[in-house]
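Containing compact mmCIF, C-alpha atoms and all ligand atoms: model.txt.
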# COMPACT_ATOMS: atom_id res chain seq x y z
CA MET A 1 -14.52 0.70 -17.63
CA PRO A 2 -13.66 -2.87 -16.65
CA SER A 3 -13.63 -3.49 -12.91
CA ARG A 4 -11.27 -5.73 -10.97
CA PRO A 5 -11.67 -8.05 -7.97
CA CYS A 6 -11.94 -6.61 -4.52
CA TYR A 7 -8.85 -6.52 -2.29
CA ASP A 8 -8.78 -6.59 1.49
CA VAL A 9 -6.22 -3.81 1.17
CA LEU A 10 -4.95 -1.90 -1.85
CA VAL A 11 -1.63 -0.08 -1.46
CA VAL A 12 -1.01 2.86 -3.79
CA GLY A 13 2.65 3.65 -4.50
CA GLY A 14 5.48 1.26 -5.33
CA GLY A 15 8.30 2.93 -3.39
CA VAL A 16 10.04 1.25 -0.46
CA ILE A 17 7.25 2.14 1.96
CA GLY A 18 4.40 0.85 -0.22
CA ALA A 19 6.37 -2.30 -1.07
CA ALA A 20 7.22 -2.99 2.59
CA VAL A 21 3.57 -2.51 3.58
CA LEU A 22 2.43 -4.83 0.77
CA HIS A 23 4.85 -7.51 1.93
CA ALA A 24 3.85 -7.18 5.59
CA LEU A 25 0.14 -7.43 4.66
CA ALA A 26 0.72 -10.44 2.40
CA LYS A 27 2.57 -12.16 5.25
CA LEU A 28 -0.54 -11.73 7.38
CA GLY A 29 -2.49 -13.67 4.74
CA LEU A 30 -4.59 -10.78 3.43
CA HIS A 31 -5.67 -10.48 -0.20
CA VAL A 32 -3.64 -7.46 -1.21
CA GLY A 33 -2.86 -5.42 -4.30
CA LEU A 34 -0.51 -2.56 -5.13
CA ALA A 35 -0.96 0.09 -7.82
CA GLU A 36 2.05 2.05 -9.09
CA ARG A 37 1.73 4.68 -11.80
CA GLY A 38 5.07 3.77 -13.39
CA VAL A 39 7.48 1.02 -12.42
CA ILE A 40 8.46 -0.21 -8.97
CA ALA A 41 11.02 1.99 -7.17
CA GLN A 42 10.90 4.88 -9.62
CA GLY A 43 10.08 7.57 -7.03
CA CYS A 44 12.37 9.10 -4.44
CA THR A 45 13.35 5.58 -3.36
CA ALA A 46 15.43 5.44 -6.57
CA TYR A 47 17.61 8.36 -5.37
CA SER A 48 17.88 7.37 -1.72
CA GLY A 49 21.27 6.93 -0.07
CA GLY A 50 19.87 3.86 1.69
CA LEU A 51 21.59 4.67 4.98
CA VAL A 52 20.50 2.38 7.79
CA ARG A 53 21.22 3.60 11.33
CA VAL A 54 19.46 3.57 14.66
CA PHE A 55 20.33 6.65 16.72
CA HIS A 56 18.00 9.62 16.18
CA ALA A 57 17.72 12.66 18.41
CA ASP A 58 13.99 11.89 18.61
CA GLU A 59 13.07 8.88 20.73
CA ARG A 60 10.13 7.74 18.55
CA LEU A 61 12.28 7.71 15.42
CA SER A 62 15.01 5.83 17.31
CA GLU A 63 12.42 3.23 18.31
CA LEU A 64 11.25 2.75 14.72
CA ALA A 65 14.84 2.56 13.49
CA ALA A 66 15.90 0.13 16.24
CA ALA A 67 13.05 -2.21 15.33
CA SER A 68 13.84 -1.98 11.60
CA TYR A 69 17.60 -2.47 12.01
CA PRO A 70 17.65 -6.26 12.70
CA PHE A 71 15.19 -6.74 9.84
CA TYR A 72 17.62 -5.09 7.42
CA ARG A 73 20.71 -6.72 8.91
CA ASP A 74 19.17 -10.11 8.30
CA PHE A 75 17.15 -9.18 5.23
CA GLU A 76 17.21 -12.63 3.67
CA ALA A 77 15.74 -14.21 6.81
CA SER A 78 13.12 -11.42 6.98
CA VAL A 79 12.07 -11.41 3.32
CA GLY A 80 13.45 -14.59 1.78
CA GLU A 81 15.54 -12.64 -0.74
CA PRO A 82 19.21 -11.64 -0.39
CA CYS A 83 20.16 -7.95 -0.41
CA THR A 84 23.63 -6.62 0.34
CA PHE A 85 24.16 -4.59 3.52
CA THR A 86 27.40 -2.60 3.30
CA GLN A 87 28.60 -1.93 6.82
CA THR A 88 30.46 1.37 7.11
CA GLY A 89 29.76 2.38 10.72
CA LEU A 90 28.37 5.85 11.39
CA LEU A 91 29.27 8.92 13.41
CA TYR A 92 26.44 11.10 14.69
CA PHE A 93 27.49 14.63 15.74
CA PRO A 94 24.89 16.17 18.09
CA ALA A 95 23.98 19.85 17.68
CA ALA A 96 25.41 22.25 20.27
CA GLY A 97 23.32 22.16 23.43
CA THR A 98 21.83 18.71 22.72
CA GLU A 99 24.81 16.63 23.88
CA VAL A 100 23.35 15.63 27.25
CA ALA A 101 20.03 14.56 25.75
CA ALA A 102 21.85 12.68 22.97
CA ARG A 103 23.99 10.81 25.47
CA GLY A 104 20.91 9.84 27.50
CA GLN A 105 19.17 8.62 24.38
CA MET A 106 22.28 6.66 23.35
CA ASN A 107 22.45 4.99 26.78
CA ARG A 108 18.85 3.80 26.34
CA LEU A 109 19.58 2.35 22.90
CA ALA A 110 23.02 0.86 23.51
CA PRO A 111 21.79 -2.35 25.20
CA ARG A 112 19.89 -3.19 21.98
CA VAL A 113 22.20 -1.88 19.27
CA PRO A 114 25.95 -1.39 19.77
CA MET A 115 26.89 2.30 20.03
CA ALA A 116 29.46 4.30 21.97
CA TRP A 117 30.08 7.89 23.05
CA LEU A 118 33.33 9.39 21.73
CA GLU A 119 34.74 12.62 23.10
CA ALA A 120 36.22 15.01 20.52
CA GLU A 121 39.82 13.86 21.03
CA ARG A 122 38.83 10.24 20.39
CA VAL A 123 37.04 11.25 17.21
CA ARG A 124 40.14 13.12 16.04
CA ALA A 125 42.42 10.23 16.95
CA ALA A 126 40.31 7.68 15.11
CA HIS A 127 39.60 9.98 12.14
CA PRO A 128 42.48 12.37 11.39
CA GLU A 129 40.57 13.34 8.23
CA MET A 130 37.92 15.07 10.36
CA HIS A 131 37.65 18.34 12.29
CA ALA A 132 36.00 17.59 15.64
CA ASP A 133 35.55 20.07 18.48
CA GLY A 134 32.70 18.18 20.05
CA PRO A 135 31.63 14.61 20.80
CA ALA A 136 30.05 12.03 18.51
CA ILE A 137 28.10 8.82 18.84
CA HIS A 138 29.69 5.88 17.06
CA GLU A 139 27.33 3.25 15.68
CA PRO A 140 29.63 0.53 14.31
CA GLY A 141 26.90 -1.63 12.75
CA ALA A 142 25.35 1.12 10.60
CA GLY A 143 25.68 1.01 6.83
CA TYR A 144 23.72 1.19 3.63
CA MET A 145 21.69 -0.91 1.21
CA SER A 146 20.36 -0.34 -2.29
CA PRO A 147 16.80 1.00 -1.81
CA PRO A 148 15.58 -0.03 -5.33
CA GLN A 149 16.97 -3.54 -4.79
CA VAL A 150 15.30 -3.79 -1.37
CA THR A 151 12.00 -2.49 -2.80
CA ARG A 152 11.99 -5.00 -5.64
CA ALA A 153 12.80 -7.78 -3.17
CA PHE A 154 9.77 -6.81 -1.04
CA ILE A 155 7.62 -6.90 -4.19
CA ARG A 156 8.88 -10.30 -5.36
CA ALA A 157 8.36 -11.78 -1.89
CA ALA A 158 4.85 -10.29 -1.64
CA ARG A 159 3.97 -11.70 -5.08
CA GLN A 160 5.06 -15.15 -3.96
CA LEU A 161 2.62 -14.78 -1.08
CA GLY A 162 -0.21 -13.99 -3.52
CA ALA A 163 -0.09 -10.18 -3.74
CA VAL A 164 -1.07 -8.62 -7.08
CA VAL A 165 1.03 -5.75 -8.44
CA HIS A 166 -0.38 -3.34 -11.04
CA GLU A 167 2.45 -1.33 -12.59
CA GLY A 168 1.67 1.42 -15.09
CA THR A 169 -1.51 2.10 -13.16
CA ALA A 170 -1.96 5.70 -12.02
CA ILE A 171 -4.61 6.52 -9.46
CA ASP A 172 -6.75 9.48 -10.45
CA LYS A 173 -9.38 9.41 -7.76
CA LEU A 174 -10.47 7.68 -4.61
CA VAL A 175 -13.81 5.86 -4.77
CA ARG A 176 -16.06 6.82 -1.88
CA VAL A 177 -19.29 5.03 -0.92
CA GLY A 178 -21.11 6.77 1.93
CA ASP A 179 -18.61 7.39 4.70
CA ARG A 180 -16.16 4.71 3.46
CA TYR A 181 -13.43 4.65 0.87
CA ALA A 182 -14.04 1.62 -1.33
CA GLY A 183 -11.24 1.66 -3.88
CA VAL A 184 -9.58 3.81 -6.50
CA GLU A 185 -10.18 4.90 -10.07
CA THR A 186 -7.12 4.19 -12.17
CA THR A 187 -6.03 4.64 -15.75
CA LEU A 188 -6.87 0.92 -16.20
CA GLY A 189 -10.29 0.91 -14.52
CA THR A 190 -11.61 0.78 -10.97
CA LEU A 191 -9.84 -1.25 -8.30
CA PHE A 192 -12.10 -2.07 -5.36
CA ALA A 193 -10.74 -2.57 -1.88
CA ASP A 194 -12.00 -2.77 1.65
CA ARG A 195 -9.19 -0.44 2.70
CA VAL A 196 -6.75 1.77 0.81
CA VAL A 197 -3.23 2.77 1.87
CA LEU A 198 -1.62 5.78 0.24
CA ALA A 199 2.21 5.63 0.14
CA LEU A 200 2.80 8.25 -2.54
CA GLY A 201 6.08 9.72 -1.29
CA PRO A 202 6.42 13.39 -2.29
CA HIS A 203 3.13 13.17 -4.23
CA THR A 204 1.23 12.61 -0.99
CA PRO A 205 0.57 16.29 -0.08
CA SER A 206 -0.79 17.24 -3.52
CA PHE A 207 -2.92 14.07 -3.73
CA LEU A 208 -4.44 14.79 -0.31
CA ASP A 209 -5.04 18.43 -1.29
CA GLN A 210 -6.81 17.26 -4.45
CA HIS A 211 -9.13 15.11 -2.31
CA ARG A 212 -9.59 17.82 0.35
CA ILE A 213 -8.09 15.61 3.04
CA PRO A 214 -6.41 17.73 5.74
CA HIS A 215 -2.73 17.05 6.41
CA ALA A 216 0.47 18.69 7.64
CA LEU A 217 2.90 17.34 5.00
CA TRP A 218 4.96 18.99 2.29
CA ALA A 219 7.38 17.95 -0.47
CA GLN A 220 11.00 19.10 -0.11
CA ARG A 221 13.99 18.72 -2.39
CA ILE A 222 17.03 16.72 -1.25
CA GLN A 223 20.30 17.25 -3.08
CA VAL A 224 23.21 14.85 -3.03
CA ASP A 225 26.66 15.65 -4.40
CA ILE A 226 29.27 13.10 -5.44
CA ARG A 227 32.80 14.01 -4.36
CA ARG A 228 36.13 12.28 -4.96
CA PRO A 229 39.01 13.04 -2.56
CA PRO A 230 42.43 12.73 -4.25
CA ALA A 231 43.49 10.27 -1.51
CA PRO A 232 40.30 8.69 -0.15
CA PRO A 233 40.52 8.17 3.64
CA ARG A 234 40.36 4.50 4.57
CA ASP A 235 37.52 3.05 6.70
CA HIS A 236 35.60 6.30 6.54
CA PRO A 237 32.24 5.98 8.32
CA ALA A 238 28.90 7.38 7.16
CA TRP A 239 27.82 10.45 9.11
CA ILE A 240 24.91 12.55 10.31
CA ASP A 241 26.26 15.89 11.43
CA ASP A 242 23.70 18.04 13.25
CA VAL A 243 26.39 20.65 13.97
CA ASN A 244 26.95 21.44 10.28
CA GLN A 245 23.67 20.04 8.87
CA LEU A 246 25.58 17.49 6.81
CA ASN A 247 24.93 13.87 5.98
CA GLY A 248 26.60 11.36 3.75
CA ARG A 249 28.44 8.13 3.33
CA PRO A 250 31.17 6.42 1.37
CA HIS A 251 29.96 5.66 -2.18
CA ASP A 252 31.80 3.53 -4.76
CA ASP A 253 35.35 3.65 -6.05
CA GLY A 254 36.71 5.99 -3.33
CA ARG A 255 33.94 8.54 -3.80
CA PHE A 256 31.51 9.99 -1.26
CA LEU A 257 27.85 11.06 -1.28
CA ILE A 258 27.38 14.27 0.65
CA GLY A 259 24.32 16.43 1.24
CA CYS A 260 22.75 19.07 3.42
CA PRO A 261 19.11 20.25 3.59
CA THR A 262 17.87 22.50 0.78
CA HIS A 263 14.67 23.89 2.35
CA ASP A 264 13.39 24.05 -1.25
CA ILE A 265 9.68 23.20 -1.27
CA ARG A 266 8.83 24.07 -4.91
CA PHE A 267 7.80 20.56 -5.95
CA HIS A 268 8.60 19.29 -9.48
CA ASP A 269 7.13 15.99 -10.56
CA ARG A 270 10.37 14.79 -12.19
CA PRO A 271 13.97 14.09 -11.26
CA VAL A 272 15.90 17.33 -10.94
CA ALA A 273 19.59 18.03 -11.31
CA GLY A 274 21.53 19.42 -8.40
CA ILE A 275 21.76 23.20 -8.18
CA ALA A 276 25.28 24.66 -8.34
CA SER A 277 24.65 27.24 -5.60
CA HIS A 278 23.55 24.46 -3.26
CA SER A 279 26.67 22.45 -4.15
CA ASP A 280 28.61 25.50 -2.91
CA VAL A 281 26.70 25.33 0.38
CA ILE A 282 27.45 21.60 0.69
CA ASP A 283 31.08 22.36 -0.02
CA ALA A 284 31.27 25.10 2.62
CA MET A 285 29.61 22.94 5.28
CA GLY A 286 31.66 19.90 4.23
CA ARG A 287 34.95 21.78 4.70
CA ARG A 288 33.98 22.47 8.31
CA ARG A 289 33.87 18.74 9.07
CA PHE A 290 36.21 17.03 6.62
CA LYS A 291 39.74 17.99 5.63
CA TRP A 292 39.37 16.08 2.35
CA VAL A 293 36.45 18.16 1.01
CA ALA A 294 38.68 21.11 0.04
CA ASP A 295 40.57 19.06 -2.57
CA ALA A 296 37.82 16.66 -3.58
CA GLY A 297 36.71 16.62 -7.20
CA ARG A 298 33.05 17.35 -7.93
CA GLU A 299 31.73 14.35 -9.85
CA GLY A 300 28.04 15.13 -10.13
CA SER A 301 25.01 16.22 -8.21
CA TYR A 302 21.41 15.02 -8.25
CA ALA A 303 18.22 15.74 -6.42
CA SER A 304 14.81 14.33 -5.68
CA PHE A 305 11.88 15.34 -3.51
CA ASP A 306 10.72 13.43 -0.45
CA CYS A 307 7.63 13.97 1.68
CA TYR A 308 8.35 15.99 4.85
CA SER A 309 6.60 16.59 8.17
CA GLU A 310 7.37 18.51 11.34
CA GLY A 311 10.35 16.84 13.06
CA GLY A 312 10.40 14.12 10.39
CA LEU A 313 7.95 12.10 12.48
CA GLY A 314 5.73 11.43 9.48
CA THR A 315 2.26 10.03 9.51
CA ALA A 316 1.06 6.42 9.47
CA ARG A 317 -2.64 6.46 10.33
CA PHE A 318 -6.20 6.34 9.12
CA VAL A 319 -7.47 9.70 7.91
CA ASP A 320 -11.21 8.95 7.92
CA GLU A 321 -13.56 8.09 10.75
CA ALA A 322 -14.59 4.78 9.15
CA ARG A 323 -10.89 3.76 9.13
CA THR A 324 -10.84 2.82 5.46
CA LEU A 325 -8.10 5.16 4.16
CA ALA A 326 -4.59 5.19 5.65
CA VAL A 327 -1.71 7.49 4.74
CA ILE A 328 1.91 6.60 5.38
CA SER A 329 4.47 9.22 4.45
CA GLY A 330 6.40 12.28 5.63
CA PHE A 331 9.60 10.81 7.02
CA SER A 332 11.66 13.74 5.75
CA GLY A 333 14.58 12.08 4.02
CA GLY A 334 14.67 9.16 6.47
CA GLY A 335 11.93 6.78 5.39
CA PHE A 336 14.10 4.00 4.00
CA LYS A 337 15.60 2.91 7.30
CA LEU A 338 12.20 3.03 9.03
CA ALA A 339 10.21 1.16 6.37
CA PRO A 340 10.21 -2.39 7.87
CA GLU A 341 8.82 -1.36 11.25
CA LEU A 342 6.43 1.22 9.77
CA ALA A 343 5.13 -1.54 7.51
CA ARG A 344 4.78 -4.05 10.33
CA ARG A 345 2.81 -1.60 12.48
CA THR A 346 0.63 -0.43 9.59
CA ALA A 347 -0.12 -4.00 8.50
CA ARG A 348 -1.19 -4.98 12.01
CA LEU A 349 -3.45 -1.96 12.23
CA LEU A 350 -5.01 -2.75 8.86
CA ALA A 351 -5.38 -6.46 9.61
CA GLN A 352 -7.32 -5.63 12.78
CA GLU A 353 -9.72 -3.49 10.76
CA ALA A 354 -9.98 -5.61 7.62
CA SER A 355 -13.20 -7.40 6.82
CA THR A 356 -14.34 -9.03 3.61
CA CYS A 357 -15.88 -6.63 1.11
C1 LIG B 401 18.25 11.96 -2.24
C2 LIG B 401 17.62 11.19 -1.11
C3 LIG B 401 18.44 10.51 -0.21
C4 LIG B 401 17.86 9.77 0.83
N1 LIG B 401 18.67 9.07 1.67
C5 LIG B 401 18.12 8.30 2.65
C6 LIG B 401 18.93 7.51 3.48
O1 LIG B 401 20.16 7.48 3.35
N2 LIG B 401 18.32 6.74 4.45
C7 LIG B 401 16.97 6.77 4.64
O2 LIG B 401 16.48 6.10 5.55
N3 LIG B 401 16.17 7.51 3.84
C8 LIG B 401 16.70 8.25 2.86
N4 LIG B 401 15.91 9.00 2.04
C9 LIG B 401 14.47 8.98 2.26
C10 LIG B 401 13.82 7.74 1.72
O3 LIG B 401 14.46 7.32 0.54
C11 LIG B 401 12.34 8.04 1.46
O4 LIG B 401 11.75 8.50 2.68
C12 LIG B 401 11.62 6.80 0.97
O5 LIG B 401 12.26 6.26 -0.17
C13 LIG B 401 10.18 7.17 0.65
O6 LIG B 401 9.58 6.05 0.06
P1 LIG B 401 8.08 6.16 -0.44
O7 LIG B 401 7.68 4.77 -0.80
O8 LIG B 401 7.27 6.90 0.57
O9 LIG B 401 8.13 7.16 -1.69
P2 LIG B 401 8.51 6.93 -3.24
O10 LIG B 401 9.73 6.12 -3.40
O11 LIG B 401 8.52 8.29 -3.87
O12 LIG B 401 7.30 6.07 -3.80
C14 LIG B 401 6.04 6.64 -4.07
C15 LIG B 401 5.53 5.98 -5.33
O13 LIG B 401 4.19 6.41 -5.55
C16 LIG B 401 4.00 6.49 -6.95
N5 LIG B 401 2.85 7.35 -7.20
C17 LIG B 401 2.76 8.68 -6.98
N6 LIG B 401 1.54 9.13 -7.34
C18 LIG B 401 0.83 8.04 -7.79
C19 LIG B 401 -0.49 7.86 -8.29
N7 LIG B 401 -1.36 8.87 -8.41
N8 LIG B 401 -0.88 6.61 -8.66
C20 LIG B 401 -0.02 5.54 -8.53
N9 LIG B 401 1.25 5.67 -8.07
C21 LIG B 401 1.67 6.90 -7.70
C22 LIG B 401 5.31 7.07 -7.46
O14 LIG B 401 5.50 6.79 -8.84
C23 LIG B 401 6.33 6.37 -6.57
O15 LIG B 401 6.87 5.20 -7.16
C24 LIG B 401 16.45 9.75 0.98
C25 LIG B 401 15.64 10.43 0.07
C26 LIG B 401 16.20 11.13 -0.97
C27 LIG B 401 15.31 11.83 -1.94
Kindly present the structure from the file in structure tokens form.
Ligand SMILES: Cc1cc2nc3c(=O)[nH]c(=O)nc-3n(C[C@H](O)[C@H](O)[C@H](O)COP(=O)(O)OP(=O)(O)OC[C@H]3O[C@@H](n4cnc5c(N)ncnc54)[C@H](O)[C@@H]3O)c2cc1C
Amino acid sequence: MPSRPCYDVLVVGGGVIGAAVLHALAKLGLHVGLAERGVIAQGCTAYSGGLVRVFHADERLSELAAASYPFYRDFEASVGEPCTFTQTGLLYFPAAGTEVAARGQMNRLAPRVPMAWLEAERVRAAHPEMHADGPAIHEPGAGYMSPPQVTRAFIRAARQLGAVVHEGTAIDKLVRVGDRYAGVETTLGTLFADRVVLALGPHTPSFLDQHRIPHALWAQRIQVDIRRPPAPPRDHPAWIDDVNQLNGRPHDDGRFLIGCPTHDIRFHDRPVAGIASHSDVIDAMGRRRFKWVADAGREGSYASFDCYSEGGLGTARFVDEARTLAVISGFSGGGFKLAPELARRTARLLAQEASTC
């Protein structure tokens, strides 16, 4: 098998997380490569809603999102490539019993990112299309981007900085020399690297199992339905509804994307259609929050797996004592909005450790 030059760091996986890490590493001046088994942004990034928001019930996720938010808002300045940010605003509905904690968390974030507490009557006044018995947090600057477009922009910018991208290059095995990982065996030969980063999305758990690397991750299906209200409400915000386990946002042409967790962990390595019984669940939960759901036409349903972890906190760390193999995954349907800051932190960690091989 032909061998290739040695990288300081080789990233495996061309989704938004791998691409953001590649770009952050290239900006630090490292000699970096990325291997993707198919084409860039073909994994769960291709199906992502691309919602960018800051408030999370968990403080660590809020911190990651708050640091990523200005990066996305000024993407061209951050990456050197334009990408549209569609500002919709967002309402976050805290689960019953978590209102006090949510308000405290919001007060900590509000000096950095505009957000406001709305009591139920203010939600109803501003949004007559909604049922609201409890409060919500309003984040006016939230919105969405196109995750495949963002991912390809990271890749183009990284290439301009000297990164090498190997598409159509599936990784079969990790190369191990003594106690260090030294590269990967691919369908096109061996790629050597001083350090390897795995950003395999929902493939991460099975890949780690195959290499007997302990982890606490799993793949879980996310289903999104497309609904068209007969009279689309104007200025409708995106939403995360922890009362009814609903999330979604305005889509195109007066339509909405709407989803709720499936808890389905039977991983398929291919895009999957939405399941009708789950569309019924989405419908039932949707009617509890939105008056328009009852009359909205069903215009399709699709699904993809993402990598999950307890609390959605994910993992971004070395998994070997020699600190040569890092895994970054497990953000449970929320990895897009966190990618810039995850990448920045991971790149700094790797740059500290990198030496010439
Ligand atoms: C339906 C849906 C909606 C979502 N909505 C949002 C949202 O609104 N906001 C938000 O922040 N997040 C959202 N997410 C989550 C977010 O999109 C993901 O967390 C993020 O895209 C994960 O990116 P990734 O790079 O880890 O994974 P992926 O995009 O899956 O990339 C992994 C890549 O690794 C490649 N690969 C796998 N195995 C190998 C191998 N052996 N060799 C080489 N390459 C390999 C795959 O081909 C793939 O391209 C959503 C996710 C889904 C599924």
With distances taken over all atoms listed in the file, which of A:Leu338, A:Val281, A:Leu191, A:Val100 is nearest to ligand LIG 401 (chain B)?
->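 Result for the nearest residue to ligand LIG 401 (chain B): A:Leu338.
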Worksheet entry | Contacts to ligand LIG 401 (chain B) at 7 Å cut-off (all atoms listed in the file) as a VMD selection string | chain A and resid 12 to 18 35 to 52 169 to 172 199 to 203 222 to 224 303 to 307 329 331 to 338
Neighbours of Glu81 (chain A) within 12 Å (only C-alpha atoms; same-chain residues fewer than 6 positions away dropped), as an mmCIF file with C-alpha atoms, in the frame of the given file?
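Done, and the output landed in selection.cif:
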data_model
loop_
_atom_site.group_PDB
_atom_site.id
_atom_site.type_symbol
_atom_site.label_atom_id
_atom_site.label_comp_id
_atom_site.auth_asym_id
_atom_site.auth_seq_id
_atom_site.Cartn_x
_atom_site.Cartn_y
_atom_site.Cartn_z
ATOM 1 C CA TYR A 72 17.620 -5.090 7.420
ATOM 2 C CA ASP A 74 19.170 -10.110 8.300
ATOM 3 C CA PHE A 75 17.150 -9.180 5.230
ATOM 4 C CA GLN A 149 16.970 -3.540 -4.790
ATOM 5 C CA VAL A 150 15.300 -3.790 -1.370
ATOM 6 C CA THR A 151 12.000 -2.490 -2.800
ATOM 7 C CA ARG A 152 11.990 -5.000 -5.640
ATOM 8 C CA ALA A 153 12.800 -7.780 -3.170
ATOM 9 C CA PHE A 154 9.770 -6.810 -1.040
ATOM 10 C CA ILE A 155 7.620 -6.900 -4.190
ATOM 11 C CA ARG A 156 8.880 -10.300 -5.360
ATOM 12 C CA ALA A 157 8.360 -11.780 -1.890
ATOM 13 C CA ALA A 158 4.850 -10.290 -1.640
ATOM 14 C CA GLN A 160 5.060 -15.150 -3.960
#
Which residue gives the smallest distance to Met145 (chain A) among A:Pro230, A:Arg317, A:Asp242, A:Pro82, with all atoms listed in the file counted?
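Ranking A:Pro230, A:Arg317, A:Asp242, A:Pro82 by distance to Met145 (chain A), first place goes to A:Pro82.
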His131 (chain A) proximity check over A:Arg345, A:Val243, A:Leu325, A:Gly300, using only C-alpha atoms: winner is A:Val243
Residues near region 234-241 of chain A, anyone? I mean within 6 Å using all atoms listed in the file, not counting same-chain ones fewer than 3 positions away, as a PyMOL selection string. chain A and resi 88-93+244-249
Could you tell me how far CA of Pro94 (chain A) lies from CA of Ala343 (chain A), in Å and to one decimal?
->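 Spanning CA of Pro94 (chain A) to CA of Ala343 (chain A) is a straight-line distance of 28.6 Å.
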Taken to one decimal, the CA of Pro340 (chain A)-CA of Phe71 (chain A) distance is 6.9 Å
The distance between CA of Ala296 (chain A) and CA of Ala96 (chain A) is 27.5 Å
(request) Kindly indicate which residue among A:Ala19, A:Met130, A:Ala142, A:Leu257 lies nearest to Arg73 (chain A), using all atoms listed in the file for the distances. (result)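 Answer, going by the shortest atom-to-atom distance: A:Ala142.
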